[in-house]
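Content type PDB, C-alpha atoms and all ligand atoms, from the file final-v8.pdb:
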```
ATOM      1  CA  MET A 659      16.762  89.716-108.243  1.00  0.00           C
ATOM      2  CA  GLU A 660      15.119  91.885-105.637  1.00  0.00           C
ATOM      3  CA  TYR A 661      17.680  91.133-102.957  1.00  0.00           C
ATOM      4  CA  ILE A 662      20.429  92.707-105.035  1.00  0.00           C
ATOM      5  CA  SER A 663      18.532  95.988-105.292  1.00  0.00           C
ATOM      6  CA  GLN A 664      18.025  95.915-101.511  1.00  0.00           C
ATOM      7  CA  ALA A 665      21.641  95.054-100.917  1.00  0.00           C
ATOM      8  CA  VAL A 666      23.630  96.974 -98.363  1.00  0.00           C
ATOM      9  CA  ALA A 667      25.853  99.591 -99.979  1.00  0.00           C
ATOM     10  CA  LYS A 668      29.579  99.129 -99.757  1.00  0.00           C
ATOM     11  CA  GLU A 669      29.831 102.305 -97.640  1.00  0.00           C
ATOM     12  CA  ASP A 670      27.608 100.763 -94.940  1.00  0.00           C
ATOM     13  CA  CYS A 671      29.246  97.369 -94.990  1.00  0.00           C
ATOM     14  CA  PHE A 672      31.012  96.156 -91.835  1.00  0.00           C
ATOM     15  CA  ILE A 673      32.925  93.500 -93.802  1.00  0.00           C
ATOM     16  CA  CYS A 674      34.351  96.112 -96.200  1.00  0.00           C
ATOM     17  CA  ASP A 675      35.122  98.355 -93.202  1.00  0.00           C
ATOM     18  CA  ALA A 676      36.968  95.519 -91.492  1.00  0.00           C
ATOM     19  CA  ALA A 677      38.833  94.601 -94.694  1.00  0.00           C
ATOM     20  CA  ALA A 678      39.967  98.222 -95.183  1.00  0.00           C
ATOM     21  CA  SER A 679      40.899  98.828 -91.538  1.00  0.00           C
ATOM     22  CA  GLU A 680      44.218  97.938 -89.964  1.00  0.00           C
ATOM     23  CA  ASP A 681      42.655  97.572 -86.511  1.00  0.00           C
ATOM     24  CA  ASP A 682      42.027  93.838 -86.550  1.00  0.00           C
ATOM     25  CA  GLU A 683      41.469  93.670 -82.790  1.00  0.00           C
ATOM     26  CA  THR A 684      38.569  96.153 -82.794  1.00  0.00           C
ATOM     27  CA  ASN A 685      37.010  94.507 -85.835  1.00  0.00           C
ATOM     28  CA  PHE A 686      37.732  90.971 -84.539  1.00  0.00           C
ATOM     29  CA  VAL A 687      39.520  90.075 -87.779  1.00  0.00           C
ATOM     30  CA  ILE A 688      41.311  86.814 -87.005  1.00  0.00           C
ATOM     31  CA  GLY A 689      42.901  86.248 -90.405  1.00  0.00           C
ATOM     32  CA  ARG A 690      43.502  87.650 -93.866  1.00  0.00           C
ATOM     33  CA  THR A 691      44.414  86.025 -97.145  1.00  0.00           C
ATOM     34  CA  GLU A 692      44.898  87.408-100.642  1.00  0.00           C
ATOM     35  CA  HIS A 693      41.183  87.341-101.463  1.00  0.00           C
ATOM     36  CA  CYS A 694      39.394  86.820 -98.136  1.00  0.00           C
ATOM     37  CA  ILE A 695      39.107  87.885 -94.526  1.00  0.00           C
ATOM     38  CA  ILE A 696      37.991  85.846 -91.544  1.00  0.00           C
ATOM     39  CA  LEU A 697      36.328  87.656 -88.658  1.00  0.00           C
ATOM     40  CA  LEU A 698      34.330  86.854 -85.559  1.00  0.00           C
ATOM     41  CA  ASN A 699      30.636  87.594 -85.756  1.00  0.00           C
ATOM     42  CA  LYS A 700      29.964  90.403 -83.256  1.00  0.00           C
ATOM     43  CA  TYR A 701      26.447  89.043 -82.743  1.00  0.00           C
ATOM     44  CA  PRO A 702      27.257  85.348 -82.516  1.00  0.00           C
ATOM     45  CA  TYR A 703      24.740  82.529 -82.487  1.00  0.00           C
ATOM     46  CA  ASN A 704      27.261  80.745 -80.340  1.00  0.00           C
ATOM     47  CA  THR A 705      30.746  81.273 -78.978  1.00  0.00           C
ATOM     48  CA  GLY A 706      33.321  80.797 -81.748  1.00  0.00           C
ATOM     49  CA  HIS A 707      30.911  81.897 -84.494  1.00  0.00           C
ATOM     50  CA  LEU A 708      33.020  83.303 -87.325  1.00  0.00           C
ATOM     51  CA  ILE A 709      32.536  84.566 -90.859  1.00  0.00           C
ATOM     52  CA  VAL A 710      34.627  83.786 -93.950  1.00  0.00           C
ATOM     53  CA  SER A 711      34.159  86.420 -96.623  1.00  0.00           C
ATOM     54  CA  PRO A 712      35.706  87.576 -99.885  1.00  0.00           C
ATOM     55  CA  ARG A 713      37.338  91.003 -99.605  1.00  0.00           C
ATOM     56  CA  ARG A 714      35.321  92.106-102.650  1.00  0.00           C
ATOM     57  CA  HIS A 715      31.838  93.531-101.986  1.00  0.00           C
ATOM     58  CA  VAL A 716      29.743  91.023-103.919  1.00  0.00           C
ATOM     59  CA  ALA A 717      26.292  89.913-102.808  1.00  0.00           C
ATOM     60  CA  ASP A 718      25.872  86.475-104.268  1.00  0.00           C
ATOM     61  CA  ILE A 719      27.883  83.272-104.139  1.00  0.00           C
ATOM     62  CA  THR A 720      27.670  83.039-107.944  1.00  0.00           C
ATOM     63  CA  GLU A 721      29.558  86.332-108.246  1.00  0.00           C
ATOM     64  CA  LEU A 722      32.675  84.922-106.609  1.00  0.00           C
ATOM     65  CA  ASN A 723      35.560  84.349-108.989  1.00  0.00           C
ATOM     66  CA  GLN A 724      37.421  81.041-108.918  1.00  0.00           C
ATOM     67  CA  ALA A 725      40.180  82.260-106.592  1.00  0.00           C
ATOM     68  CA  GLU A 726      37.573  83.531-104.105  1.00  0.00           C
ATOM     69  CA  ARG A 727      35.597  80.293-104.293  1.00  0.00           C
ATOM     70  CA  ASP A 728      38.752  78.312-103.598  1.00  0.00           C
ATOM     71  CA  GLU A 729      39.755  80.489-100.641  1.00  0.00           C
ATOM     72  CA  VAL A 730      36.278  80.671 -99.088  1.00  0.00           C
ATOM     73  CA  MET A 731      36.016  76.886 -99.069  1.00  0.00           C
ATOM     74  CA  ASP A 732      39.600  76.334 -97.958  1.00  0.00           C
ATOM     75  CA  LEU A 733      39.209  78.810 -95.093  1.00  0.00           C
ATOM     76  CA  THR A 734      35.879  77.288 -94.083  1.00  0.00           C
ATOM     77  CA  VAL A 735      37.528  73.880 -93.793  1.00  0.00           C
ATOM     78  CA  ARG A 736      40.508  75.300 -91.899  1.00  0.00           C
ATOM     79  CA  SER A 737      38.195  77.262 -89.580  1.00  0.00           C
ATOM     80  CA  VAL A 738      36.507  74.006 -88.634  1.00  0.00           C
ATOM     81  CA  GLU A 739      39.916  72.464 -87.967  1.00  0.00           C
ATOM     82  CA  GLN A 740      41.078  75.413 -85.832  1.00  0.00           C
ATOM     83  CA  ILE A 741      37.870  75.714 -83.819  1.00  0.00           C
ATOM     84  CA  ARG A 742      37.858  71.965 -83.268  1.00  0.00           C
ATOM     85  CA  SER A 743      41.405  72.109 -82.002  1.00  0.00           C
ATOM     86  CA  GLU A 744      40.908  75.191 -79.768  1.00  0.00           C
ATOM     87  CA  MET A 745      37.348  74.794 -78.531  1.00  0.00           C
ATOM     88  CA  GLN A 746      36.392  71.106 -78.901  1.00  0.00           C
ATOM     89  CA  PRO A 747      32.807  71.591 -80.140  1.00  0.00           C
ATOM     90  CA  HIS A 748      30.559  68.564 -80.712  1.00  0.00           C
ATOM     91  CA  GLY A 749      29.327  69.721 -84.126  1.00  0.00           C
ATOM     92  CA  PHE A 750      29.064  72.638 -86.552  1.00  0.00           C
ATOM     93  CA  ASN A 751      26.581  74.594 -88.607  1.00  0.00           C
ATOM     94  CA  LEU A 752      28.105  75.887 -91.856  1.00  0.00           C
ATOM     95  CA  GLY A 753      26.236  78.026 -94.325  1.00  0.00           C
ATOM     96  CA  ALA A 754      25.303  81.264 -96.021  1.00  0.00           C
ATOM     97  CA  ASN A 755      22.070  83.244 -96.199  1.00  0.00           C
ATOM     98  CA  LEU A 756      21.522  84.720 -99.679  1.00  0.00           C
ATOM     99  CA  GLY A 757      19.071  87.607 -99.603  1.00  0.00           C
ATOM    100  CA  ASP A 758      16.872  89.285 -96.976  1.00  0.00           C
ATOM    101  CA  VAL A 759      14.180  86.655 -97.341  1.00  0.00           C
ATOM    102  CA  ALA A 760      16.703  83.970 -96.389  1.00  0.00           C
ATOM    103  CA  GLY A 761      17.716  85.860 -93.253  1.00  0.00           C
ATOM    104  CA  ALA A 762      20.900  87.546 -94.442  1.00  0.00           C
ATOM    105  CA  GLY A 763      21.951  90.143 -91.866  1.00  0.00           C
ATOM    106  CA  LEU A 764      24.169  91.811 -94.464  1.00  0.00           C
ATOM    107  CA  PRO A 765      22.689  90.943 -97.861  1.00  0.00           C
ATOM    108  CA  GLY A 766      25.175  93.028 -99.891  1.00  0.00           C
ATOM    109  CA  HIS A 767      28.350  91.152 -99.027  1.00  0.00           C
ATOM    110  CA  PHE A 768      28.538  87.385 -99.277  1.00  0.00           C
ATOM    111  CA  HIS A 769      29.773  85.604 -96.149  1.00  0.00           C
ATOM    112  CA  MET A 770      29.985  82.017 -94.977  1.00  0.00           C
ATOM    113  CA  HIS A 771      29.033  81.336 -91.354  1.00  0.00           C
ATOM    114  CA  VAL A 772      30.978  78.823 -89.289  1.00  0.00           C
ATOM    115  CA  VAL A 773      29.095  78.114 -86.053  1.00  0.00           C
ATOM    116  CA  PRO A 774      30.437  75.570 -83.568  1.00  0.00           C
ATOM    117  CA  ARG A 775      27.819  73.626 -81.615  1.00  0.00           C
ATOM    118  CA  TRP A 776      27.933  71.908 -78.260  1.00  0.00           C
ATOM    119  CA  THR A 777      25.485  69.428 -76.855  1.00  0.00           C
ATOM    120  CA  GLY A 778      22.915  71.429 -74.906  1.00  0.00           C
ATOM    121  CA  ASP A 779      24.081  74.795 -76.256  1.00  0.00           C
ATOM    122  CA  THR A 780      20.533  76.010 -76.893  1.00  0.00           C
ATOM    123  CA  ASN A 781      20.517  76.721 -73.158  1.00  0.00           C
ATOM    124  CA  PHE A 782      23.737  78.666 -73.581  1.00  0.00           C
ATOM    125  CA  MET A 783      22.228  81.278 -75.900  1.00  0.00           C
ATOM    126  CA  PRO A 784      20.745  83.566 -73.210  1.00  0.00           C
ATOM    127  CA  VAL A 785      24.183  83.624 -71.597  1.00  0.00           C
ATOM    128  CA  VAL A 786      26.100  84.659 -74.728  1.00  0.00           C
ATOM    129  CA  GLY A 787      23.310  87.120 -75.533  1.00  0.00           C
ATOM    130  CA  ASP A 788      24.028  89.043 -72.343  1.00  0.00           C
ATOM    131  CA  ALA A 789      25.622  92.358 -73.289  1.00  0.00           C
ATOM    132  CA  LYS A 790      27.948  92.249 -70.270  1.00  0.00           C
ATOM    133  CA  VAL A 791      29.250  88.770 -70.977  1.00  0.00           C
ATOM    134  CA  LEU A 792      29.553  88.943 -74.749  1.00  0.00           C
ATOM    135  CA  PRO A 793      32.512  91.327 -75.257  1.00  0.00           C
ATOM    136  CA  GLU A 794      34.690  89.222 -72.962  1.00  0.00           C
ATOM    137  CA  LEU A 795      33.758  86.048 -74.803  1.00  0.00           C
ATOM    138  CA  LEU A 796      34.571  87.680 -78.133  1.00  0.00           C
ATOM    139  CA  LYS A 797      37.978  88.788 -76.858  1.00  0.00           C
ATOM    140  CA  GLU A 798      38.690  85.338 -75.522  1.00  0.00           C
ATOM    141  CA  THR A 799      37.706  83.730 -78.844  1.00  0.00           C
ATOM    142  CA  PHE A 800      39.779  86.338 -80.696  1.00  0.00           C
ATOM    143  CA  ARG A 801      42.857  85.422 -78.636  1.00  0.00           C
ATOM    144  CA  LYS A 802      42.345  81.731 -79.359  1.00  0.00           C
ATOM    145  CA  LEU A 803      41.928  82.026 -83.125  1.00  0.00           C
ATOM    146  CA  GLN A 804      43.726  85.216 -84.158  1.00  0.00           C
ATOM    147  CA  GLY A 805      46.609  84.723 -86.577  1.00  0.00           C
ATOM    148  CA  LYS A 806      45.885  81.027 -87.141  1.00  0.00           C
ATOM    149  CA  LEU A 807      43.959  81.408 -90.397  1.00  0.00           C
ATOM    150  CA  GLY A 808      46.163  83.274 -92.857  1.00  0.00           C
ATOM    151  CA  PRO A 809      47.432  82.352 -96.297  1.00  0.00           C
ATOM    152  CA  ARG A 810      48.229  78.690 -96.783  1.00  0.00           C
ATOM    153  CA  PRO A 811      51.846  77.981 -95.849  1.00  0.00           C
TER     154      PRO A 811
HETATM  155 ZN    ZN B 901      31.164  94.787 -98.322  1.00  0.00          ZN
END
```

File written out as structure tokens:
Amino acid sequence: MEYISQAVAKEDCFICDAAASEDDETNFVIGRTEHCIILLNKYPYNTGHLIVSPRRHVADITELNQAERDEVMDLTVRSVEQIRSEMQPHGFNLGANLGDVAGAGLPGHFHMHVVPRWTGDTNFMPVVGDAKVLPELLKETFRKLQGKLGPRP
């Protein structure tokens, strides 16, 4: 289990930082539940790219307890619903990278990616990758989705 030994320490973990902070706007945290947080990816593959993560610093999907498994999946489904309603994408990529070798940007803390896709959006990537454009897009996405993904009513 080499990836666990290489895992990012809790102290250097932006998900743990965001979970502990009360500044949801700076951290782009759009929702919190008992066991999870939902935040925008600051380095998105596409506009609307968000992350659903357990609050607990655990590296692997198999380490999630049942309550975390339930919430991660529920919030993934509801993220798709919210993004669909707010941003009208044509499709989605959903998934998690487990371990460095699989491309995990933060191998120490499990997170599920929700990435909306639009027809032709491969051409859009250089635009969202522009450092001047990106912060505004993140703020706009934050305003659209913030507060809409909390605990189930
Ligand atoms: Zn963490």

Given all atoms listed in the file as the basis, pick out the residue of A:Phe686, A:Phe800, A:Phe768, A:Phe750 nearest to ligand ZN 901 (chain B).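 Looking only at the distances to ligand ZN 901 (chain B), the closest residue turns out to be A:Phe768.
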
Could you build a table of the residues in chain A lying no more than 10 Å from ligand ZN 901 (chain B), giving for each the nearest pair of atoms and their separation in Å rounded to one decimal place, using all atoms listed in the file, ordered by chain and ascending residue number, as CSV?
```
residue,atom,partner,partner_atom,distance
A:Ala665,CA,B:ZN901,ZN,9.9
A:Val666,CA,B:ZN901,ZN,7.8
A:Ala667,CA,B:ZN901,ZN,7.4
A:Lys668,CA,B:ZN901,ZN,4.8
A:Glu669,CA,B:ZN901,ZN,7.7
A:Asp670,CA,B:ZN901,ZN,7.7
A:Cys671,CA,B:ZN901,ZN,4.6
A:Phe672,CA,B:ZN901,ZN,6.6
A:Ile673,CA,B:ZN901,ZN,5.0
A:Cys674,CA,B:ZN901,ZN,4.1
A:Asp675,CA,B:ZN901,ZN,7.4
A:Ala676,CA,B:ZN901,ZN,9.0
A:Ala677,CA,B:ZN901,ZN,8.5
A:Ala678,CA,B:ZN901,ZN,10.0
A:Ser711,CA,B:ZN901,ZN,9.0
A:Pro712,CA,B:ZN901,ZN,8.7
A:Arg713,CA,B:ZN901,ZN,7.4
A:Arg714,CA,B:ZN901,ZN,6.6
A:His715,CA,B:ZN901,ZN,3.9
A:Val716,CA,B:ZN901,ZN,6.9
A:Ala717,CA,B:ZN901,ZN,8.2
A:Leu764,CA,B:ZN901,ZN,8.5
A:Pro765,CA,B:ZN901,ZN,9.3
A:Gly766,CA,B:ZN901,ZN,6.4
A:His767,CA,B:ZN901,ZN,4.7
A:Phe768,CA,B:ZN901,ZN,7.9
A:His769,CA,B:ZN901,ZN,9.5
```

Nearest candidate to Gly757 (chain A) (options A:Asp779, A:Asp732, A:Glu744, A:Asp718; using all atoms listed in the file):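 For Gly757 (chain A), the nearest of the candidates is A:Asp718.
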
Pairwise distance, CA of Arg775 (chain A) with CA of Pro747 (chain A), equals 5.6 Å

Name the residues captured by the PyMOL selection byres (((chain A and resi 694) around 9) and not hetatm) when it is applied to the shown file; answer as a ChimeraX atom specification. /A:677,689-693,695-696,710-714,726,729-730,733

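Computed from the coordinates, the CA of Arg727 (chain A) to CA of Thr684 (chain A) distance equals 26.9 Å.
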
Which of these residues is nearest to Gly805 (chain A), using all atoms listed in the file: A:Thr720, A:Ser737, A:Gln746, A:Asn751?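 Counting all atoms listed in the file, the residue closest to Gly805 (chain A) is A:Ser737.
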
Could you work out how far CA of Val772 (chain A) lies from CA of Gln740 (chain A), giving the answer in Å with one decimal?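 One can read the CA of Gln740 (chain A) to CA of Val772 (chain A) distance as 11.2 Å.
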
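Closest approach to His748 (chain A) from the set A:Ile719, A:Val773, A:Val687, A:Leu807 is made by A:Val773, with distances taken over only C-alpha atoms.
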
Report the centre and edge lengths, in Å to one decimal, of an axis-aligned box enclosing every atom of region 702-712 of chain A listed in the file, padded by 8 Å on each side, as lines of an AutoDock Vina configuration file.
```
center_x = 30.2
center_y = 84.2
center_z = -89.4
size_x = 27.0
size_y = 22.8
size_z = 36.9
```

So which residues fall inside 8 Å of (29.9, 92.5, -86.4) if we count all atoms listed in the file? Mind giving them as a list in words? Phe672, Asn685, Leu698, Asn699, Lys700 and Tyr701 of chain A

Reconstructed N, CA and C atoms for region 676-703 of chain A, given as a short mmCIF file (atom, residue, chain, number, x, y, z; two decimals), in the frame of the given file:
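As a result, part-v2.cif now contains:
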```cif
data_model
loop_
_atom_site.label_atom_id
_atom_site.label_comp_id
_atom_site.auth_asym_id
_atom_site.auth_seq_id
_atom_site.Cartn_x
_atom_site.Cartn_y
_atom_site.Cartn_z
N ALA A 676 35.96 96.35 -92.16
CA ALA A 676 36.97 95.52 -91.49
C ALA A 676 38.12 95.20 -92.44
N ALA A 677 37.79 94.93 -93.72
CA ALA A 677 38.83 94.60 -94.69
C ALA A 677 39.76 95.79 -94.94
N ALA A 678 39.18 97.01 -94.91
CA ALA A 678 39.97 98.22 -95.18
C ALA A 678 40.75 98.70 -93.97
N SER A 679 40.28 98.35 -92.78
CA SER A 679 40.90 98.83 -91.54
C SER A 679 42.17 98.04 -91.21
N GLU A 680 43.05 98.67 -90.45
CA GLU A 680 44.22 97.94 -89.96
C GLU A 680 44.04 97.52 -88.51
N ASP A 681 42.90 97.89 -87.91
CA ASP A 681 42.66 97.57 -86.51
C ASP A 681 41.90 96.24 -86.39
N ASP A 682 42.66 95.16 -86.54
CA ASP A 682 42.03 93.84 -86.55
C ASP A 682 41.42 93.48 -85.20
N GLU A 683 41.98 94.02 -84.11
CA GLU A 683 41.47 93.67 -82.79
C GLU A 683 40.07 94.25 -82.57
N THR A 684 39.88 95.52 -82.95
CA THR A 684 38.57 96.15 -82.79
C THR A 684 37.53 95.49 -83.68
N ASN A 685 37.95 95.11 -84.88
CA ASN A 685 37.01 94.51 -85.84
C ASN A 685 36.92 92.99 -85.70
N PHE A 686 37.71 92.43 -84.76
CA PHE A 686 37.73 90.97 -84.54
C PHE A 686 38.08 90.21 -85.81
N VAL A 687 39.02 90.78 -86.59
CA VAL A 687 39.52 90.08 -87.78
C VAL A 687 40.59 89.09 -87.32
N ILE A 688 40.35 87.80 -87.50
CA ILE A 688 41.31 86.81 -87.00
C ILE A 688 42.27 86.34 -88.08
N GLY A 689 41.98 86.65 -89.36
CA GLY A 689 42.90 86.25 -90.40
C GLY A 689 42.60 86.95 -91.71
N ARG A 690 43.64 87.04 -92.54
CA ARG A 690 43.50 87.65 -93.87
C ARG A 690 44.26 86.81 -94.86
N THR A 691 43.70 86.66 -96.04
CA THR A 691 44.41 86.02 -97.14
C THR A 691 44.34 86.97 -98.34
N GLU A 692 44.86 86.53 -99.47
CA GLU A 692 44.90 87.41 -100.64
C GLU A 692 43.50 87.89 -101.01
N HIS A 693 42.52 86.99 -100.97
CA HIS A 693 41.18 87.34 -101.46
C HIS A 693 40.11 87.39 -100.38
N CYS A 694 40.43 86.98 -99.17
CA CYS A 694 39.39 86.82 -98.14
C CYS A 694 39.83 87.40 -96.79
N ILE A 695 38.82 87.64 -95.94
CA ILE A 695 39.11 87.88 -94.53
C ILE A 695 38.24 86.95 -93.69
N ILE A 696 38.73 86.68 -92.49
CA ILE A 696 37.99 85.85 -91.54
C ILE A 696 37.81 86.70 -90.30
N LEU A 697 36.57 86.85 -89.85
CA LEU A 697 36.33 87.66 -88.66
C LEU A 697 35.28 87.01 -87.77
N LEU A 698 35.35 87.35 -86.49
CA LEU A 698 34.33 86.85 -85.56
C LEU A 698 33.05 87.62 -85.79
N ASN A 699 31.94 86.94 -85.69
CA ASN A 699 30.64 87.59 -85.76
C ASN A 699 30.40 88.32 -84.43
N LYS A 700 30.16 89.63 -84.49
CA LYS A 700 29.96 90.40 -83.26
C LYS A 700 28.63 90.09 -82.58
N TYR A 701 27.73 89.46 -83.32
CA TYR A 701 26.45 89.04 -82.74
C TYR A 701 26.30 87.54 -82.93
N PRO A 702 27.15 86.79 -82.22
CA PRO A 702 27.26 85.35 -82.52
C PRO A 702 26.03 84.55 -82.10
N TYR A 703 25.74 83.52 -82.89
CA TYR A 703 24.74 82.53 -82.49
C TYR A 703 25.30 81.66 -81.37
#
```
